[in-house]
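All remarks here apply to the structure that follows.
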Amino acid sequence: MAHLTTHILDGASGSPASAVAVALVDADGAVVAAGTTDADGRLALGPDVLAPGEYALRFAVGEYFAGRGVETFYPRVEISFTVADAAHYHVPLLLSPFAYSTYRGS
């Protein structure tokens with residue numbers, strides 16, 4: 001299993017958010033890994049082990065909503081978090097055009 005995974009659920013449509021570009025960046029803003037969510041709204045990002053420190057996931061949700069013809073308040077969502085150890089980290093995103101929430105998953 002990859003060290004970091006995410007899952008995006010579009011709460012407005014009740015379906016996974018597929019084809020969303022996601023970048024994992026370090027504390028300096030350098031891209032560590034990037035990818036696009038699959039048909040189930042899921043994405044695993046490497047490397048296999050992240051060094052302890054601060055990171056962020058940047059979700060290109062503006063493009064996602066624009067592709068569906070939906071107006072949104074958020075062009076992107078950035079979730080900052082701290083990696084403390086070699087555990088698996090799961091950072092899901094519950095998304096709608098005018099709100100979002102997240103939590104540390106398992």
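By order of appearance in the structure tokens: chains A, B, ..., then residues from 1 within every chain, and ligands from 1 in the order shown.
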ask   = What's the 9 Å shell around A:Ser15, counting only C-alpha atoms, without same-chain residues fewer than 5 positions away, as a ChimeraX atom specification?
value = /A:8-10,40-41
Next, the residues of the selection above should be written as a PDB file, in the first residue's frame with N, CA and C atoms.
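So the final result, stored in again02.pdb, reads:
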ATOM      1  N   ILE A   8     -11.914  11.285  -2.986  1.00  0.00           N
ATOM      2  CA  ILE A   8     -12.773  12.466  -3.072  1.00  0.00           C
ATOM      3  C   ILE A   8     -14.199  12.024  -3.377  1.00  0.00           C
ATOM      4  N   LEU A   9     -15.125  12.458  -2.536  1.00  0.00           N
ATOM      5  CA  LEU A   9     -16.540  12.215  -2.763  1.00  0.00           C
ATOM      6  C   LEU A   9     -17.210  13.554  -3.033  1.00  0.00           C
ATOM      7  N   ASP A  10     -17.897  13.647  -4.153  1.00  0.00           N
ATOM      8  CA  ASP A  10     -18.671  14.837  -4.498  1.00  0.00           C
ATOM      9  C   ASP A  10     -20.001  14.728  -3.764  1.00  0.00           C
ATOM     10  N   ASP A  40     -13.231   5.781  -9.140  1.00  0.00           N
ATOM     11  CA  ASP A  40     -13.814   5.696  -7.808  1.00  0.00           C
ATOM     12  C   ASP A  40     -13.396   6.879  -6.941  1.00  0.00           C
ATOM     13  N   GLY A  41     -12.738   7.889  -7.530  1.00  0.00           N
ATOM     14  CA  GLY A  41     -12.320   9.067  -6.789  1.00  0.00           C
ATOM     15  C   GLY A  41     -11.110   8.846  -5.906  1.00  0.00           C
TER      16      GLY A  41
END
Please provide as a short mmCIF file (atom, residue, chain, number, x, y, z; two decimals) with N, CA, C and O atoms, in the first residue's frame all residues within 9 Å of stretch 65-70 of chain A, with the sequence filter that same-chain residues fewer than 4 positions apart are discarded (counting only C-alpha atoms).
data_model
loop_
_atom_site.label_atom_id
_atom_site.label_comp_id
_atom_site.auth_asym_id
_atom_site.auth_seq_id
_atom_site.Cartn_x
_atom_site.Cartn_y
_atom_site.Cartn_z
N VAL A 61 -9.95 21.37 -7.87
CA VAL A 61 -11.40 21.15 -7.92
C VAL A 61 -12.10 22.12 -8.86
O VAL A 61 -13.20 21.82 -9.33
N PRO A 75 -11.50 27.39 -6.41
CA PRO A 75 -10.75 26.94 -7.58
C PRO A 75 -9.85 25.76 -7.23
O PRO A 75 -9.54 24.93 -8.07
N PRO A 97 -19.72 22.25 -4.30
CA PRO A 97 -19.29 23.49 -4.94
C PRO A 97 -19.02 24.65 -3.98
O PRO A 97 -18.25 25.55 -4.30
#
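From atom CA of A:Glu63 back to atom CA of A:Ser106, the distance works out to 27.6 Å.
The protein and nucleic acid residues lying at most 8 Å from stretch 17-26 of chain A are Ile8, Leu9, Asp10, Gly29, Ala30, Val31, Val32, Ala33, Ala34, Gly35, Thr36, Thr37, Asp38, Ala39, Asp40, Gly41, Arg42, Leu45, Gly53, Glu54, Tyr55, Ala56, Leu57, Arg58, Phe59, Ala60, Val61, Glu63 and Tyr64 of chain A, with only C-alpha atoms considered and sequence neighbours fewer than 3 positions away removed.
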inquiry  = Between A:Ala86, A:Leu4, A:Leu50, A:Ile79, which residue has the minimum interatomic distance to A:Tyr103, considering only C-alpha atoms?
reply    = A:Ile79
inquiry  = I need the residues in stretch 32-106 of chain A that are strand (DSSP E or B) according to DSSP; give them as a PyMOL selection string.
reply    = chain A and resi 32-36+42-45+53-59+77-83+89-90+93-96+99-102+105
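For chain A, a DSSP pass over the backbone yields helix (DSSP H, G or I) at Val61, Gly62, Glu63, Tyr64, Phe65 and Ala66 of chain A.
Going from atom CA of A:Pro16 over to atom CA of A:Gly62, you cover 15.6 Å.
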message = Can you tell me which residues surround A:Arg104 at a distance of at most 10 Å, considering only C-alpha atoms, apart from same-chain residues fewer than 3 positions away, and format the answer as number ranges by chain?
response = A: 6, 81, 89-93
task = Give me the residues within 7 Å of A:Pro52 as a list in words, counting only C-alpha atoms and dropping any in the same chain fewer than 3 places off.
result = Val83, Ala84 and Asp85 of chain A
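With atom CA of A:Tyr74 on one side and atom CA of A:Thr5 on the other, the separation reads 21.8 Å.
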key: Nearest to A:Ala44 by atom-to-atom distance, counting only C-alpha atoms, from A:Leu95, A:His3, A:Thr102, A:Ala12   = A:His3
